file model-v8.pdb (PDB, C-alpha atoms, pLDDT in the B column)
ATOM      1  CA  MET V   1      95.442 114.200 105.878  1.00 62.00           C
ATOM      2  CA  THR V   2      99.146 114.820 106.335  1.00 78.00           C
ATOM      3  CA  ARG V   3     101.295 112.275 104.593  1.00 86.00           C
ATOM      4  CA  ARG V   4     104.809 111.365 105.617  1.00 95.00           C
ATOM      5  CA  LEU V   5     107.737 110.109 103.613  1.00 97.00           C
ATOM      6  CA  ILE V   6     109.323 107.068 105.219  1.00 97.00           C
ATOM      7  CA  LEU V   7     112.577 105.638 103.912  1.00 98.00           C
ATOM      8  CA  ALA V   8     113.042 101.952 104.667  1.00 96.00           C
ATOM      9  CA  ALA V   9     116.502 100.962 105.890  1.00 97.00           C
ATOM     10  CA  THR V  10     117.160  99.379 102.490  1.00 96.00           C
ATOM     11  CA  ALA V  11     116.350 102.657 100.712  1.00 97.00           C
ATOM     12  CA  ARG V  12     118.670 104.583 103.040  1.00 98.00           C
ATOM     13  CA  ARG V  13     121.443 102.097 102.277  1.00 97.00           C
ATOM     14  CA  ASP V  14     120.732 102.466  98.556  1.00 96.00           C
ATOM     15  CA  LEU V  15     121.103 106.261  98.791  1.00 98.00           C
ATOM     16  CA  ASP V  16     124.327 105.946 100.805  1.00 98.00           C
ATOM     17  CA  SER V  17     125.712 103.474  98.276  1.00 96.00           C
ATOM     18  CA  LEU V  18     124.710 105.751  95.401  1.00 96.00           C
ATOM     19  CA  LEU V  19     126.488 108.696  97.047  1.00 97.00           C
ATOM     20  CA  ARG V  20     129.677 106.690  97.664  1.00 97.00           C
ATOM     21  CA  GLY V  21     129.729 105.226  94.153  1.00 95.00           C
ATOM     22  CA  LEU V  22     129.160 108.534  92.407  1.00 95.00           C
ATOM     23  CA  GLU V  23     131.629 110.269  94.682  1.00 97.00           C
ATOM     24  CA  GLN V  24     134.394 107.886  93.565  1.00 97.00           C
ATOM     25  CA  ARG V  25     133.658 108.580  89.897  1.00 95.00           C
ATOM     26  CA  ALA V  26     132.636 112.252  89.875  1.00 96.00           C
ATOM     27  CA  GLY V  27     133.619 113.795  93.195  1.00 97.00           C
ATOM     28  CA  TYR V  28     131.654 114.721  96.276  1.00 97.00           C
ATOM     29  CA  GLU V  29     130.010 117.887  94.927  1.00 97.00           C
ATOM     30  CA  VAL V  30     128.496 116.167  91.893  1.00 97.00           C
ATOM     31  CA  ALA V  31     127.479 113.081  93.876  1.00 97.00           C
ATOM     32  CA  SER V  32     125.889 115.077  96.672  1.00 97.00           C
ATOM     33  CA  GLY V  33     123.998 117.262  94.198  1.00 97.00           C
ATOM     34  CA  TYR V  34     122.596 114.214  92.427  1.00 97.00           C
ATOM     35  CA  VAL V  35     121.524 112.501  95.646  1.00 97.00           C
ATOM     36  CA  SER V  36     119.904 115.768  96.787  1.00 98.00           C
ATOM     37  CA  ARG V  37     117.843 115.825  93.583  1.00 98.00           C
ATOM     38  CA  VAL V  38     116.791 112.224  94.203  1.00 98.00           C
ATOM     39  CA  GLU V  39     115.760 113.116  97.766  1.00 98.00           C
ATOM     40  CA  ARG V  40     113.683 116.100  96.553  1.00 97.00           C
ATOM     41  CA  PHE V  41     112.007 113.801  94.043  1.00 97.00           C
ATOM     42  CA  LEU V  42     111.197 111.326  96.818  1.00 98.00           C
ATOM     43  CA  GLN V  43     109.703 114.105  98.924  1.00 96.00           C
ATOM     44  CA  GLY V  44     107.467 115.006  95.976  1.00 95.00           C
ATOM     45  CA  LEU V  45     105.853 111.568  96.206  1.00 95.00           C
ATOM     46  CA  VAL V  46     104.139 112.771  99.380  1.00 95.00           C
ATOM     47  CA  ASP V  47     102.103 115.282  97.359  1.00 92.00           C
ATOM     48  CA  PHE V  48     101.343 112.928  94.460  1.00 91.00           C
ATOM     49  CA  PRO V  49     101.672 109.349  95.749  1.00 90.00           C
ATOM     50  CA  GLU V  50      99.651 107.640  93.022  1.00 88.00           C
ATOM     51  CA  ARG V  51     102.374 108.151  90.399  1.00 91.00           C
ATOM     52  CA  GLY V  52     104.409 105.381  88.899  1.00 92.00           C
ATOM     53  CA  THR V  53     103.542 101.947  87.612  1.00 91.00           C
ATOM     54  CA  ARG V  54     101.640  99.590  89.859  1.00 89.00           C
ATOM     55  CA  ARG V  55     103.510  96.384  90.567  1.00 85.00           C
ATOM     56  CA  SER V  56     100.947  94.841  92.901  1.00 77.00           C
ATOM     57  CA  LYS V  57     101.585  91.323  91.589  1.00 77.00           C
ATOM     58  CA  HIS V  58     104.984  91.577  93.300  1.00 72.00           C
ATOM     59  CA  ARG V  59     103.754  93.145  96.528  1.00 79.00           C
ATOM     60  CA  PRO V  60     100.402  94.699  97.486  1.00 83.00           C
ATOM     61  CA  LYS V  61     100.214  98.431  96.695  1.00 88.00           C
ATOM     62  CA  MET V  62     103.755  98.492  95.333  1.00 92.00           C
ATOM     63  CA  ARG V  63     104.660 101.081  92.685  1.00 94.00           C
ATOM     64  CA  VAL V  64     107.803 101.818  90.682  1.00 93.00           C
ATOM     65  CA  ILE V  65     108.716 105.197  89.210  1.00 95.00           C
ATOM     66  CA  GLY V  66     111.803 106.357  87.365  1.00 94.00           C
ATOM     67  CA  PHE V  67     113.963 109.380  88.045  1.00 95.00           C
ATOM     68  CA  GLU V  68     116.198 110.974  85.398  1.00 93.00           C
ATOM     69  CA  ARG V  69     116.458 107.730  83.416  1.00 90.00           C
ATOM     70  CA  ARG V  70     118.945 106.183  85.863  1.00 92.00           C
ATOM     71  CA  VAL V  71     117.058 105.557  89.112  1.00 95.00           C
ATOM     72  CA  SER V  72     114.041 103.361  89.837  1.00 95.00           C
ATOM     73  CA  VAL V  73     112.189 104.128  93.038  1.00 96.00           C
ATOM     74  CA  VAL V  74     110.189 101.286  94.571  1.00 95.00           C
ATOM     75  CA  PHE V  75     107.538 102.436  97.038  1.00 96.00           C
ATOM     76  CA  THR V  76     104.159 101.755  98.574  1.00 94.00           C
ATOM     77  CA  VAL V  77     101.419 104.019  99.828  1.00 91.00           C
ATOM     78  CA  ASP V  78     100.400 102.738 103.231  1.00 84.00           C
ATOM     79  CA  GLY V  79      97.512 104.686 104.702  1.00 83.00           C
ATOM     80  CA  GLY V  80      98.722 108.255 104.559  1.00 83.00           C
ATOM     81  CA  ASP V  81     102.398 107.408 104.339  1.00 94.00           C
ATOM     82  CA  VAL V  82     104.659 106.933 101.342  1.00 96.00           C
ATOM     83  CA  VAL V  83     107.158 104.195 102.166  1.00 96.00           C
ATOM     84  CA  VAL V  84     110.198 104.075  99.891  1.00 97.00           C
ATOM     85  CA  LEU V  85     111.487 100.505  99.857  1.00 95.00           C
ATOM     86  CA  ARG V  86     114.386 100.764  97.399  1.00 95.00           C
ATOM     87  CA  VAL V  87     116.250 103.314  95.293  1.00 97.00           C
ATOM     88  CA  LEU V  88     117.825 101.293  92.477  1.00 95.00           C
ATOM     89  CA  TYR V  89     120.500 102.906  90.305  1.00 92.00           C
ATOM     90  CA  GLY V  90     121.626 102.060  86.812  1.00 84.00           C
ATOM     91  CA  GLY V  91     119.037  99.552  85.665  1.00 71.00           C
ATOM     92  CA  ARG V  92     119.251  97.184  88.626  1.00 69.00           C
ATOM     93  CA  ASN V  93     116.421  94.676  88.695  1.00 69.00           C
ATOM     94  CA  LEU V  94     113.934  94.360  91.514  1.00 68.00           C
ATOM     95  CA  PRO V  95     115.548  92.313  94.270  1.00 70.00           C
ATOM     96  CA  PRO V  96     114.062  88.856  94.922  1.00 66.00           C
ATOM     97  CA  ASP V  97     112.490  90.033  98.190  1.00 69.00           C
ATOM     98  CA  LEU V  98     110.343  92.475  96.189  1.00 67.00           C
ATOM     99  CA  SER V  99     109.701  90.535  93.002  1.00 49.00           C
TER     100      SER V  99
END

call {"tool": "encode", "arguments": {"input": "model-v8.pdb", "output": "structure tokens"}}
result
Amino acid sequence: MTRRLILAATARRDLDSLLRGLEQRAGYEVASGYVSRVERFLQGLVDFPERGTRRSKHRPKMRVIGFERRVSVVFTVDGGDVVVLRVLYGGRNLPPDLS
């Protein structure tokens, strides 16, 4: 079965916001490199989707996994697809719509 990585609109906005925020503090090159590493990490979920901590009490099949101690990735595995719901930076809590 071929899995796909799907980024929800909220996750895309999170990545854009992360890029803009880091760019202001560290410059475009550093920010873009960091976001690229996050995106490669997300792509890796396709190969090993059962990683992370289950948070099914919040939402069926929901999982959360950390990246480099600063990012929490909230995702589900839906059929063969990995759906990234949020990419939360800097210790942000799960939004009310997910918790």

call {"tool": "atom_distance", "arguments": {"input": "model-v8.pdb", "atom1": "CA of Gly52 (chain V)", "atom2": "CA of Val73 (chain V)"}}
result
8.9 Å

call {"tool": "resolve_selection", "arguments": {"input": "model-v8.pdb", "expression": "the PyMOL selection byres ((chain V and resi 9) around 12)", "output": "CSV table (one decimal) with C-alpha atoms, keeping the file's coordinate frame"}}
result
chain,number,residue,atom,x,y,z
V,6,ILE,CA,109.3,107.1,105.2
V,7,LEU,CA,112.6,105.6,103.9
V,8,ALA,CA,113.0,102.0,104.7
V,10,THR,CA,117.2,99.4,102.5
V,11,ALA,CA,116.4,102.7,100.7
V,12,ARG,CA,118.7,104.6,103.0
V,13,ARG,CA,121.4,102.1,102.3
V,14,ASP,CA,120.7,102.5,98.6
V,15,LEU,CA,121.1,106.3,98.8
V,16,ASP,CA,124.3,105.9,100.8
V,83,VAL,CA,107.2,104.2,102.2
V,84,VAL,CA,110.2,104.1,99.9
V,85,LEU,CA,111.5,100.5,99.9
V,86,ARG,CA,114.4,100.8,97.4
V,87,VAL,CA,116.2,103.3,95.3

call {"tool": "closest_residue", "arguments": {"input": "model-v8.pdb", "among": "V:Leu45, V:Val35, V:Leu19, V:Val74", "to": "Pro95 (chain V)", "atoms": "only C-alpha atoms"}}
result
V:Val74

call {"tool": "atom_distance", "arguments": {"input": "model-v8.pdb", "atom1": "CA of Arg59 (chain V)", "atom2": "CA of Arg40 (chain V)"}}
result
25.0 Å

call {"tool": "closest_residue", "arguments": {"input": "model-v8.pdb", "among": "V:Tyr28, V:Phe41, V:Tyr34, V:Phe48", "to": "Val77 (chain V)", "atoms": "all atoms listed in the file"}}
result
V:Phe48

call {"tool": "closest_residue", "arguments": {"input": "model-v8.pdb", "among": "V:Ser17, V:Tyr89, V:Arg25, V:Thr76", "to": "Arg55 (chain V)", "atoms": "only C-alpha atoms"}}
result
V:Thr76

call {"tool": "atom_distance", "arguments": {"input": "model-v8.pdb", "atom1": "CA of Val46 (chain V)", "atom2": "CA of Ile65 (chain V)"}}
result
13.5 Å
